[in-house]
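J.: Take this structure, written in structure tokens, and hold onto it; I'll ask about it next.
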Amino acid sequence: MNDFLEKEECFNLLKKYGSPLYVYDEDTIRKRCKELVNLLPNKKLIVDYSFKANNNIELLKIIKSEGVHVDAMSPFELAFEKKVGYKSNEIMYVCNNISSSEMKEIIKENVLISVDSISQLETYGSLNPGGDIIVRFNPGVGSGHHEKVITGGKKTKFGVQREFIEDVKKIIEKYKLNLVGINQHIGSLFLNYNDFLEGVKNILEIAHEFNGLKIIDLGGGFGVPYHNEERLNLKKLSIELDKMISNFLESYDNKDVTFYIEPGRYIVAEAGIIIGSVTSIKENYNTNYLGCDIGFNTLMRPILYDSYHEIKVLQKEENDLKETYTVVGNICESGDILGSDRLLSKSCVDDAIIVYNAGAYGYSMASNYNLRCRPAEVLITSDHKDILIRKRDTLEGMLSNFIGE
Ligand code: LLP
């Protein structure tokens with residue numbers, strides 16, 4: 001648990017900015033960026049932050065200042081990134097099933113595009129003959145914390161199957177495209193890196209099928225522990241990866257290949273917490289419920305993937321008592337459960353709670369379900385100041401999309 005705030009500070013932030021609240025720690029983001037930027041000190045490596053994990057512009061400024069590039073999945077992600085000052089050559093558009101009008105729009109932006117099907121390669125070729133392109137392959141292996149986030153292997157829509165390499169070559173030839181690179185992403189959250197390395201081995205074999213690649217993108221998925229798991233051993237991963245890449249380069253025609261990784265979660269997950277307020281305590285058929293204002297509109301991961309997030313009660317009036325609670329939010333669905341059967345400090349209405357590891361796929365997947373506001377986001381800077389970095393939604397904002405309002 002990354003406790004970067006004292007109890008009193010949490011209560012003060014709730015008073016100042018309202019509840020619930022996303023709070024991020026600048027130091028943690030910088031630390032994680034540095035670890036990855038230095039992952040392969042002897043190789044040409046670019047870290048490409050996967051912006052979907054957390055799309056706050058102020059956090060992206062911090063990430064950019066650490067020398068990290070960025071990927072985009074949609075025109076608005078791209079627009080945000082340009083607003084932060086990213087240049088076209090620092091952005092990779094990793095797309096999936098986009099329309100030809102979106103493809104046209106992105107081609108104009110002059111960023112590298114990765115397509116992940118032969119059909120999309122054909123669309124790209126017809127719109128931009130002679131253009132630079134990256135093709136995403138499915139390395140035949142997947143990994144992830146839940147089946148919904150495994151993006152390699154036999155049960156996923158992503159990537160081009162290795163057996164279709166000849167078809168890729170035909171389309172490249174047909175439109176005289178310049179295949180600048182290939183990429184993969186096997187899924188989200190590995191702590192044991194064996195599957196990742198298996199994917200790397202396979203993508204390097206695929207790379208041998210093409211001459212002169214400038215980029216080989218190994219994807220993201222670098223995990224963080226949410227419960228009691230062991231941390232991802234970056235040191236060991238670095239050694240293994242370095243060896244594999246050295247072996248590959250010995251027999252590859254372009255010794256100057258740049259390798260990319262595309263982490264999202266690793267950079268921001270532990271930097272973010274949600275602080276909320278306890279709103280009710282009740283017993284229902286032998287279960288103690290702790291009701292709070294953090295519904296699944298605020299944090300989707302538990303209801304969507306059964307994800308575990310550590311929870312802590314901050315007692316307004318301290319005692320040493322403990323109680324087992326099922327912690328639930330304020331959304332009208334039975335699945336609105338943040339955590340089941342958690343042994344926590346005994347709680348009363350008006351205590352606060354912290355939900356940890358919420359920096360990745362927290363706010364970026366939040367919604368207005370039940371017409372509840374997405375919370376404000378606050379940054380704790382390296383000199384320990386709190387600054388508002390995104391406002392809470394407002395009624396006016398939500399009404400403004402309706403014609404006539
Ligand atoms: N590259 C590509 C092409 C991706 O699709 C993703 C994530 C990443 C990189 C970054 O993956 P990461 O390093 O963050 O694991 N909403 C889910 C995670 C979905 C990930 C989607 N793609 C969650 O809350 O766990």
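FYI, nothing fancy with the structure tokens labels: chains A, B, ... in order, residues from 1 per chain, ligands from 1 as they appear.
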At a cut-off of 9 Å around ligand 1, and using only C-alpha atoms and all ligand atoms, what residues come up? Please write them as a PyMOL selection string.

T.: chain A and resi 48-53+71+73+94-96+136+144-146+148-151+158+183-190+218-223+261-269+300-302+304-305+307+360-362+364-365

J.: Please dump the current selection as a compact mmCIF listing (two decimals), in the first residue's frame; keep N, CA and C atoms.

T.:
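Result saved to again-v5.txt:
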```txt
# COMPACT_ATOMS: atom_id res chain seq x y z
N ASP A 48 6.80 3.68 -24.13
CA ASP A 48 5.63 4.30 -24.75
C ASP A 48 4.47 4.16 -23.76
N TYR A 49 4.14 5.22 -23.05
CA TYR A 49 3.09 5.12 -22.03
C TYR A 49 1.72 4.89 -22.68
N SER A 50 1.01 3.92 -22.16
CA SER A 50 -0.32 3.63 -22.69
C SER A 50 -1.32 4.53 -21.98
N PHE A 51 -1.71 5.58 -22.68
CA PHE A 51 -2.43 6.71 -22.09
C PHE A 51 -3.82 6.31 -21.58
N LYS A 52 -4.34 5.20 -22.09
CA LYS A 52 -5.67 4.78 -21.66
C LYS A 52 -5.70 4.44 -20.17
N ALA A 53 -4.54 4.10 -19.61
CA ALA A 53 -4.51 3.71 -18.20
C ALA A 53 -4.92 4.87 -17.30
N ASP A 71 1.37 6.23 -26.35
CA ASP A 71 0.55 5.66 -27.43
C ASP A 71 -0.86 6.24 -27.35
N MET A 73 -5.06 5.58 -28.73
CA MET A 73 -6.02 4.57 -29.20
C MET A 73 -7.22 5.24 -29.85
N VAL A 94 -1.95 3.05 -31.77
CA VAL A 94 -2.14 1.59 -31.77
C VAL A 94 -3.64 1.34 -31.89
N CYS A 95 -4.10 1.12 -33.12
CA CYS A 95 -5.55 1.12 -33.28
C CYS A 95 -6.12 -0.26 -33.47
N ASN A 96 -7.43 -0.32 -33.31
CA ASN A 96 -8.14 -1.58 -33.39
C ASN A 96 -9.51 -1.30 -34.00
N ARG A 136 0.62 -5.13 -36.07
CA ARG A 136 0.57 -5.83 -34.78
C ARG A 136 0.31 -7.31 -35.01
N GLY A 144 -2.59 -12.19 -18.51
CA GLY A 144 -3.37 -11.09 -17.95
C GLY A 144 -4.06 -11.49 -16.67
N HIS A 145 -4.55 -10.47 -15.93
CA HIS A 145 -5.14 -10.76 -14.62
C HIS A 145 -6.55 -11.32 -14.74
N HIS A 146 -7.13 -11.26 -15.94
CA HIS A 146 -8.51 -11.72 -16.14
C HIS A 146 -8.67 -12.05 -17.61
N LYS A 148 -10.72 -11.18 -19.65
CA LYS A 148 -11.14 -10.03 -20.47
C LYS A 148 -9.98 -9.14 -20.89
N VAL A 149 -8.82 -9.32 -20.30
CA VAL A 149 -7.69 -8.44 -20.66
C VAL A 149 -6.51 -9.21 -21.26
N ILE A 150 -6.77 -10.44 -21.70
CA ILE A 150 -5.73 -11.20 -22.39
C ILE A 150 -5.84 -10.90 -23.88
N THR A 151 -4.78 -10.43 -24.47
CA THR A 151 -4.87 -9.94 -25.85
C THR A 151 -3.96 -10.68 -26.82
N PHE A 158 -7.32 -9.55 -31.15
CA PHE A 158 -6.18 -8.69 -31.48
C PHE A 158 -5.09 -9.35 -32.33
N ASN A 183 4.57 -4.94 -33.83
CA ASN A 183 4.32 -4.86 -32.39
C ASN A 183 3.45 -5.99 -31.91
N GLN A 184 3.38 -6.11 -30.59
CA GLN A 184 2.52 -7.10 -29.95
C GLN A 184 2.11 -6.52 -28.60
N HIS A 185 1.04 -7.04 -28.06
CA HIS A 185 0.69 -6.77 -26.66
C HIS A 185 -0.07 -8.00 -26.21
N ILE A 186 0.50 -8.75 -25.25
CA ILE A 186 -0.10 -10.05 -24.95
C ILE A 186 -1.20 -9.96 -23.89
N GLY A 187 -1.29 -8.82 -23.22
CA GLY A 187 -2.34 -8.68 -22.21
C GLY A 187 -1.87 -7.84 -21.05
N SER A 188 -2.79 -7.65 -20.11
CA SER A 188 -2.53 -6.67 -19.06
C SER A 188 -2.33 -7.32 -17.70
N LEU A 189 -1.20 -7.08 -17.16
CA LEU A 189 -0.77 -7.47 -15.81
C LEU A 189 -0.13 -8.86 -15.75
N PHE A 190 1.17 -8.84 -15.92
CA PHE A 190 1.93 -10.03 -15.56
C PHE A 190 2.89 -9.65 -14.43
N LEU A 218 7.35 -4.48 -27.97
CA LEU A 218 7.08 -5.71 -27.21
C LEU A 218 5.80 -5.63 -26.38
N GLY A 219 5.16 -4.46 -26.37
CA GLY A 219 3.88 -4.33 -25.68
C GLY A 219 4.01 -3.97 -24.21
N GLY A 220 2.85 -3.91 -23.56
CA GLY A 220 2.82 -3.53 -22.14
C GLY A 220 2.43 -4.72 -21.29
N GLY A 221 1.74 -4.43 -20.19
CA GLY A 221 1.27 -5.50 -19.32
C GLY A 221 2.07 -5.66 -18.04
N PHE A 222 3.11 -4.85 -17.86
CA PHE A 222 3.96 -4.93 -16.66
C PHE A 222 3.07 -4.72 -15.42
N GLY A 223 3.06 -5.72 -14.55
CA GLY A 223 2.09 -5.70 -13.47
C GLY A 223 2.58 -5.06 -12.18
N ILE A 261 8.53 -0.60 -25.36
CA ILE A 261 7.56 -1.27 -24.48
C ILE A 261 6.42 -0.27 -24.27
N GLU A 262 5.25 -0.80 -23.96
CA GLU A 262 4.04 0.03 -23.88
C GLU A 262 3.33 -0.08 -22.54
N PRO A 263 3.98 0.24 -21.45
CA PRO A 263 3.33 0.08 -20.15
C PRO A 263 2.30 1.17 -19.87
N GLY A 264 1.23 0.80 -19.23
CA GLY A 264 0.26 1.79 -18.76
C GLY A 264 0.20 1.69 -17.24
N ARG A 265 -0.36 0.56 -16.80
CA ARG A 265 -0.59 0.33 -15.37
C ARG A 265 0.65 0.57 -14.51
N TYR A 266 1.81 0.04 -14.95
CA TYR A 266 3.00 0.06 -14.10
C TYR A 266 3.36 1.49 -13.69
N ILE A 267 3.11 2.42 -14.59
CA ILE A 267 3.53 3.80 -14.33
C ILE A 267 2.59 4.52 -13.36
N VAL A 268 1.30 4.21 -13.43
CA VAL A 268 0.36 5.04 -12.66
C VAL A 268 -0.43 4.32 -11.56
N ALA A 269 -0.49 2.98 -11.61
CA ALA A 269 -1.42 2.27 -10.70
C ALA A 269 -1.18 2.63 -9.24
N MET A 300 -14.49 0.90 -11.64
CA MET A 300 -15.15 -0.21 -12.33
C MET A 300 -14.47 -1.56 -12.11
N ARG A 301 -13.19 -1.55 -11.75
CA ARG A 301 -12.40 -2.78 -11.84
C ARG A 301 -12.97 -3.94 -11.00
N PRO A 302 -13.44 -3.71 -9.77
CA PRO A 302 -13.97 -4.85 -9.00
C PRO A 302 -15.20 -5.49 -9.67
N LEU A 304 -16.11 -5.36 -12.79
CA LEU A 304 -15.83 -5.83 -14.15
C LEU A 304 -14.92 -7.05 -14.18
N TYR A 305 -13.92 -7.04 -13.32
CA TYR A 305 -12.93 -8.13 -13.37
C TYR A 305 -12.74 -8.84 -12.02
N SER A 307 -11.58 -7.52 -9.51
CA SER A 307 -10.23 -7.09 -9.09
C SER A 307 -10.19 -6.79 -7.60
N ALA A 360 -4.45 3.34 -12.13
CA ALA A 360 -4.57 2.84 -13.50
C ALA A 360 -5.96 2.27 -13.74
N TYR A 361 -6.58 2.65 -14.82
CA TYR A 361 -7.91 2.17 -15.20
C TYR A 361 -8.92 2.45 -14.09
N GLY A 362 -8.70 3.55 -13.36
CA GLY A 362 -9.64 3.98 -12.35
C GLY A 362 -10.47 5.09 -12.96
N SER A 364 -10.01 6.67 -15.65
CA SER A 364 -10.20 6.59 -17.11
C SER A 364 -11.36 5.67 -17.48
N MET A 365 -11.80 4.82 -16.57
CA MET A 365 -12.96 3.97 -16.85
C MET A 365 -14.18 4.39 -16.03
```

J.: Could you find all residues in stretch 152-226 of chain A that DSSP calls strand (DSSP E or B) from the backbone, and write them as a ChimeraX atom specification?

T.: /A:160-161,178-183,187,190,215-217,222

J.: The selected residues should be written to file as an mmCIF file, in the first residue's frame (atoms: N, CA, C and O atoms).

T.:
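The result, written out as again_26.cif:
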```cif
data_model
loop_
_atom_site.group_PDB
_atom_site.id
_atom_site.type_symbol
_atom_site.label_atom_id
_atom_site.label_comp_id
_atom_site.auth_asym_id
_atom_site.auth_seq_id
_atom_site.Cartn_x
_atom_site.Cartn_y
_atom_site.Cartn_z
ATOM 1 N N VAL A 160 -2.410 -9.934 -35.823
ATOM 2 C CA VAL A 160 -2.456 -10.767 -37.026
ATOM 3 C C VAL A 160 -1.765 -12.084 -36.696
ATOM 4 O O VAL A 160 -0.652 -12.094 -36.160
ATOM 5 N N GLN A 161 -2.447 -13.146 -37.028
ATOM 6 C CA GLN A 161 -1.903 -14.487 -36.767
ATOM 7 C C GLN A 161 -0.636 -14.686 -37.598
ATOM 8 O O GLN A 161 -0.575 -14.279 -38.759
ATOM 9 N N ASN A 178 5.845 0.920 -46.461
ATOM 10 C CA ASN A 178 7.122 0.747 -45.785
ATOM 11 C C ASN A 178 6.850 0.199 -44.389
ATOM 12 O O ASN A 178 6.371 0.926 -43.510
ATOM 13 N N LEU A 179 7.099 -1.081 -44.203
ATOM 14 C CA LEU A 179 6.853 -1.697 -42.894
ATOM 15 C C LEU A 179 7.987 -1.287 -41.954
ATOM 16 O O LEU A 179 9.067 -1.851 -41.968
ATOM 17 N N VAL A 180 7.682 -0.275 -41.132
ATOM 18 C CA VAL A 180 8.720 0.275 -40.250
ATOM 19 C C VAL A 180 8.946 -0.619 -39.040
ATOM 20 O O VAL A 180 10.037 -0.684 -38.490
ATOM 21 N N GLY A 181 7.852 -1.270 -38.604
ATOM 22 C CA GLY A 181 8.013 -2.065 -37.394
ATOM 23 C C GLY A 181 6.882 -3.055 -37.198
ATOM 24 O O GLY A 181 5.911 -3.075 -37.962
ATOM 25 N N ILE A 182 7.053 -3.860 -36.163
ATOM 26 C CA ILE A 182 5.972 -4.774 -35.771
ATOM 27 C C ILE A 182 5.779 -4.630 -34.261
ATOM 28 O O ILE A 182 6.691 -4.218 -33.547
ATOM 29 N N ASN A 183 4.573 -4.940 -33.827
ATOM 30 C CA ASN A 183 4.325 -4.856 -32.387
ATOM 31 C C ASN A 183 3.446 -5.986 -31.906
ATOM 32 O O ASN A 183 2.856 -6.732 -32.706
ATOM 33 N N GLY A 187 -1.288 -8.822 -23.218
ATOM 34 C CA GLY A 187 -2.336 -8.679 -22.213
ATOM 35 C C GLY A 187 -1.871 -7.836 -21.049
ATOM 36 O O GLY A 187 -0.735 -7.391 -21.004
ATOM 37 N N PHE A 190 1.171 -8.840 -15.924
ATOM 38 C CA PHE A 190 1.933 -10.028 -15.557
ATOM 39 C C PHE A 190 2.891 -9.653 -14.434
ATOM 40 O O PHE A 190 3.450 -8.549 -14.411
ATOM 41 N N ILE A 215 11.603 -0.731 -35.815
ATOM 42 C CA ILE A 215 10.963 -0.771 -34.489
ATOM 43 C C ILE A 215 10.426 -2.170 -34.202
ATOM 44 O O ILE A 215 9.774 -2.770 -35.069
ATOM 45 N N ILE A 216 10.707 -2.656 -33.013
ATOM 46 C CA ILE A 216 10.025 -3.866 -32.542
ATOM 47 C C ILE A 216 9.434 -3.526 -31.175
ATOM 48 O O ILE A 216 10.157 -3.204 -30.224
ATOM 49 N N ASP A 217 8.114 -3.542 -31.131
ATOM 50 C CA ASP A 217 7.401 -3.100 -29.934
ATOM 51 C C ASP A 217 6.884 -4.330 -29.191
ATOM 52 O O ASP A 217 6.089 -5.100 -29.732
ATOM 53 N N PHE A 222 3.105 -4.852 -17.855
ATOM 54 C CA PHE A 222 3.960 -4.928 -16.660
ATOM 55 C C PHE A 222 3.072 -4.717 -15.420
ATOM 56 O O PHE A 222 2.443 -3.684 -15.274
#
```

J.: Can you measure atom CA of A:Leu388 to atom CA of A:Leu60 for me? One decimal in Å is fine.

T.: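 Computing it gives 14.7 Å between the two atoms.
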
J.: Determine, counting only C-alpha atoms, which protein, DNA and RNA residues have an atom within 6 Å of an atom of A:Gly339; residues of the same chain fewer than 2 positions away are not included. Present the result as a ChimeraX atom specification.

T.: /A:326-327,337

J.: Would you list the contacts of A:Glu26 as a list in words, taking every protein, DNA or RNA residue within 10 Å and counting only C-alpha atoms, but skipping same-chain residues closer than 3 positions in sequence?

T.: Val23, Ile29, Arg30, Lys31, Leu59, Ile62, Ile63, Val268, Ala271, Gly272, Leu379, Ile380, Thr381, Ser382, Asp383 and His384 of chain A

J.: I need the residues from that last selection saved to file as a CSV table (one decimal), in the first residue's frame (with N, CA, C and O atoms), if you can.

T.:
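What landed in result24.csv:
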```csv
chain,number,residue,atom,x,y,z
A,23,VAL,N,-6.6,10.8,-5.8
A,23,VAL,CA,-5.4,11.6,-5.4
A,23,VAL,C,-4.2,10.8,-5.9
A,23,VAL,O,-4.1,9.6,-5.8
A,29,ILE,N,5.0,8.3,-9.6
A,29,ILE,CA,4.9,8.3,-11.1
A,29,ILE,C,6.4,8.4,-11.6
A,29,ILE,O,6.8,7.7,-12.5
A,30,ARG,N,7.1,9.4,-11.1
A,30,ARG,CA,8.5,9.6,-11.6
A,30,ARG,C,9.3,8.4,-11.3
A,30,ARG,O,10.1,8.0,-12.2
A,31,LYS,N,9.2,7.8,-10.1
A,31,LYS,CA,10.0,6.6,-9.8
A,31,LYS,C,9.7,5.5,-10.8
A,31,LYS,O,10.6,4.8,-11.3
A,59,LEU,N,-0.9,14.6,-15.4
A,59,LEU,CA,0.0,13.4,-15.1
A,59,LEU,C,0.8,13.1,-16.3
A,59,LEU,O,2.0,12.8,-16.2
A,62,ILE,N,4.0,15.1,-16.4
A,62,ILE,CA,5.0,14.5,-15.6
A,62,ILE,C,5.7,13.4,-16.3
A,62,ILE,O,6.9,13.3,-16.4
A,63,ILE,N,4.9,12.5,-16.9
A,63,ILE,CA,5.4,11.3,-17.6
A,63,ILE,C,6.3,11.8,-18.8
A,63,ILE,O,7.4,11.2,-19.0
A,268,VAL,N,1.3,4.2,-13.4
A,268,VAL,CA,0.4,5.0,-12.7
A,268,VAL,C,-0.4,4.3,-11.6
A,268,VAL,O,-1.0,5.0,-10.7
A,271,ALA,N,0.4,5.0,-8.0
A,271,ALA,CA,0.5,6.4,-7.7
A,271,ALA,C,-0.9,7.0,-7.3
A,271,ALA,O,-1.0,8.1,-6.9
A,272,GLY,N,-1.9,6.2,-7.5
A,272,GLY,CA,-3.3,6.7,-7.3
A,272,GLY,C,-4.1,6.0,-6.2
A,272,GLY,O,-4.0,4.8,-6.1
A,379,LEU,N,-3.4,16.2,-7.4
A,379,LEU,CA,-2.0,15.8,-7.4
A,379,LEU,C,-1.3,16.2,-6.2
A,379,LEU,O,-1.4,17.4,-5.8
A,380,ILE,N,-0.6,15.3,-5.5
A,380,ILE,CA,0.4,15.7,-4.5
A,380,ILE,C,1.7,15.8,-5.1
A,380,ILE,O,2.3,14.9,-5.6
A,381,THR,N,2.2,17.1,-5.2
A,381,THR,CA,3.4,17.3,-5.9
A,381,THR,C,4.7,16.9,-5.1
A,381,THR,O,4.5,16.5,-3.9
A,382,SER,N,5.8,16.9,-5.8
A,382,SER,CA,7.0,16.4,-5.1
A,382,SER,C,7.4,17.2,-3.9
A,382,SER,O,8.0,16.8,-2.9
A,383,ASP,N,6.9,18.5,-3.9
A,383,ASP,CA,7.1,19.3,-2.6
A,383,ASP,C,5.9,19.3,-1.7
A,383,ASP,O,5.7,20.2,-0.9
A,384,HIS,N,5.1,18.2,-1.9
A,384,HIS,CA,4.0,17.9,-1.0
A,384,HIS,C,2.9,19.0,-1.0
A,384,HIS,O,2.3,19.3,0.1
```

J.: Find the spatial neighbours of A:Arg372, counting only C-alpha atoms, within a cut-off of 9 Å - ignore same-chain residues fewer than 3 positions away - and output them as a PyMOL selection string.

T.: chain A and resi 297-298+331+367-369+375+393

J.: Would you mind exporting the chosen residues as a PDB file, in the first residue's frame, restricted to all heavy atoms?

T.:
```pdb
ATOM      1  N   ASN A 297     -19.336   3.392 -10.517  1.00  0.00           N
ATOM      2  CA  ASN A 297     -19.143   4.482 -11.486  1.00  0.00           C
ATOM      3  C   ASN A 297     -17.775   5.136 -11.271  1.00  0.00           C
ATOM      4  O   ASN A 297     -17.169   5.663 -12.202  1.00  0.00           O
ATOM      5  CB  ASN A 297     -20.243   5.537 -11.336  1.00  0.00           C
ATOM      6  CG  ASN A 297     -20.187   6.229  -9.989  1.00  0.00           C
ATOM      7  OD1 ASN A 297     -20.174   5.566  -8.955  1.00  0.00           O
ATOM      8  ND2 ASN A 297     -20.101   7.535  -9.991  1.00  0.00           N
ATOM      9  N   THR A 298     -17.263   5.073 -10.045  1.00  0.00           N
ATOM     10  CA  THR A 298     -15.971   5.680  -9.706  1.00  0.00           C
ATOM     11  C   THR A 298     -14.819   4.705  -9.941  1.00  0.00           C
ATOM     12  O   THR A 298     -13.755   5.094 -10.426  1.00  0.00           O
ATOM     13  CB  THR A 298     -15.969   6.127  -8.217  1.00  0.00           C
ATOM     14  OG1 THR A 298     -17.018   7.071  -8.048  1.00  0.00           O
ATOM     15  CG2 THR A 298     -14.653   6.741  -7.806  1.00  0.00           C
ATOM     16  N   ILE A 331     -24.324   2.856  -5.757  1.00  0.00           N
ATOM     17  CA  ILE A 331     -24.975   2.641  -7.049  1.00  0.00           C
ATOM     18  C   ILE A 331     -26.062   1.572  -6.883  1.00  0.00           C
ATOM     19  O   ILE A 331     -25.877   0.612  -6.143  1.00  0.00           O
ATOM     20  CB  ILE A 331     -23.914   2.174  -8.086  1.00  0.00           C
ATOM     21  CG1 ILE A 331     -22.917   3.303  -8.366  1.00  0.00           C
ATOM     22  CG2 ILE A 331     -24.555   1.690  -9.375  1.00  0.00           C
ATOM     23  CD1 ILE A 331     -23.492   4.531  -9.040  1.00  0.00           C
ATOM     24  N   SER A 367     -17.541   6.507 -14.860  1.00  0.00           N
ATOM     25  CA  SER A 367     -18.685   6.927 -15.671  1.00  0.00           C
ATOM     26  C   SER A 367     -19.656   7.775 -14.854  1.00  0.00           C
ATOM     27  O   SER A 367     -19.448   7.997 -13.661  1.00  0.00           O
ATOM     28  CB  SER A 367     -19.418   5.693 -16.202  1.00  0.00           C
ATOM     29  OG  SER A 367     -20.240   5.147 -15.181  1.00  0.00           O
ATOM     30  N   ASN A 368     -20.702   8.190 -15.534  1.00  0.00           N
ATOM     31  CA  ASN A 368     -21.755   8.960 -14.863  1.00  0.00           C
ATOM     32  C   ASN A 368     -22.976   8.107 -14.555  1.00  0.00           C
ATOM     33  O   ASN A 368     -24.076   8.629 -14.388  1.00  0.00           O
ATOM     34  CB  ASN A 368     -22.187  10.142 -15.744  1.00  0.00           C
ATOM     35  CG  ASN A 368     -21.115  11.161 -15.915  1.00  0.00           C
ATOM     36  OD1 ASN A 368     -20.792  11.542 -17.038  1.00  0.00           O
ATOM     37  ND2 ASN A 368     -20.545  11.601 -14.818  1.00  0.00           N
ATOM     38  N   TYR A 369     -22.786   6.793 -14.486  1.00  0.00           N
ATOM     39  CA  TYR A 369     -23.926   5.914 -14.227  1.00  0.00           C
ATOM     40  C   TYR A 369     -24.667   6.380 -12.975  1.00  0.00           C
ATOM     41  O   TYR A 369     -24.059   6.824 -12.005  1.00  0.00           O
ATOM     42  CB  TYR A 369     -23.424   4.475 -14.059  1.00  0.00           C
ATOM     43  CG  TYR A 369     -24.528   3.462 -13.920  1.00  0.00           C
ATOM     44  CD1 TYR A 369     -25.659   3.515 -14.749  1.00  0.00           C
ATOM     45  CD2 TYR A 369     -24.468   2.462 -12.970  1.00  0.00           C
ATOM     46  CE1 TYR A 369     -26.681   2.586 -14.628  1.00  0.00           C
ATOM     47  CE2 TYR A 369     -25.477   1.521 -12.838  1.00  0.00           C
ATOM     48  CZ  TYR A 369     -26.587   1.594 -13.668  1.00  0.00           C
ATOM     49  OH  TYR A 369     -27.593   0.680 -13.542  1.00  0.00           O
ATOM     50  N   PRO A 375     -15.352  11.908  -9.951  1.00  0.00           N
ATOM     51  CA  PRO A 375     -14.759  12.743  -8.901  1.00  0.00           C
ATOM     52  C   PRO A 375     -13.731  13.739  -9.440  1.00  0.00           C
ATOM     53  O   PRO A 375     -13.308  13.628 -10.594  1.00  0.00           O
ATOM     54  CB  PRO A 375     -14.037  11.735  -8.012  1.00  0.00           C
ATOM     55  CG  PRO A 375     -14.385  10.399  -8.493  1.00  0.00           C
ATOM     56  CD  PRO A 375     -14.948  10.503  -9.857  1.00  0.00           C
ATOM     57  N   ASP A 393     -17.184  16.432 -12.084  1.00  0.00           N
ATOM     58  CA  ASP A 393     -18.248  16.721 -13.049  1.00  0.00           C
ATOM     59  C   ASP A 393     -19.267  17.667 -12.411  1.00  0.00           C
ATOM     60  O   ASP A 393     -19.405  17.697 -11.185  1.00  0.00           O
ATOM     61  CB  ASP A 393     -18.980  15.435 -13.445  1.00  0.00           C
ATOM     62  CG  ASP A 393     -18.143  14.559 -14.361  1.00  0.00           C
ATOM     63  OD1 ASP A 393     -17.255  15.085 -15.051  1.00  0.00           O
ATOM     64  OD2 ASP A 393     -18.392  13.335 -14.371  1.00  0.00           O
TER      65      ASP A 393
END
```

J.: Which of stretch 135-300 of chain A counts as alpha helix (DSSP H) under DSSP, as an NGL selection string please?

T.: :A and (165-174 or 194-207 or 234-251 or 265-268)

J.: List as a list in words the protein and nucleic acid residues near A:Leu40, meaning an atom at most 8 Å away when only C-alpha atoms are counted, but skip any in the same chain fewer than 6 places from it.

T.: Ser238, Leu241 and Asp242 of chain A

J.: Nearest to A:Lys322 among A:Leu343, A:Val168, A:Ile281, A:Val47, with distances taken over only C-alpha atoms: which residue is it?

T.: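 Comparing A:Leu343, A:Val168, A:Ile281, A:Val47 against A:Lys322, the winner is A:Leu343.
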
J.: Given the choices A:Phe402, A:Phe76, A:Tyr252, A:Phe4, which gets closest to A:Tyr93 if the distance is worked out from only C-alpha atoms?

T.: A:Phe76

J.: Please identify all polymer residues within 12 Å of A:Ala79, counting only C-alpha atoms, omitting same-chain residues fewer than 3 positions from it, and present them as a ChimeraX atom specification.

T.: /A:51,55,57,70-76,82-88,91,93,105-106,109,111

J.: Using only C-alpha atoms, which residue out of A:Asn89, A:Ser100, A:Ser65, A:Asn194 lies closest to A:Cys33?

T.: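 Of the candidates, the smallest distance to A:Cys33 is held by A:Ser65.
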
J.: Please compute the atom CA of A:Glu166-atom CA of A:Ile98 distance, one decimal, in Å.

T.: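 About the pair atom CA of A:Glu166 and atom CA of A:Ile98: they are 23.1 Å apart.
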
J.: Nearest residue to A:Leu213 out of A:Asn254, A:Asn192, A:Asn42, A:Asn247, using only C-alpha atoms?

T.: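 Among the listed residues, the smallest separation from A:Leu213 belongs to A:Asn254.
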
J.: Using atom CA of A:Glu323 and atom CA of A:Ser345 as the two end points, give the distance in Å to one decimal.

T.: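 Between these atoms lies a distance of 6.1 Å.
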
J.: Of the candidates A:Lys391, A:Lys312, A:Lys235, A:Lys154, which one gets nearest to A:Pro41 if we count only C-alpha atoms?

T.: A:Lys235

J.: Using only C-alpha atoms for the distances, tell me which of A:Asn211, A:Ser143, A:Asn2, A:Asn56 is nearest to A:Glu198.

T.: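 With only C-alpha atoms as the atom set, the closest residue is A:Ser143.
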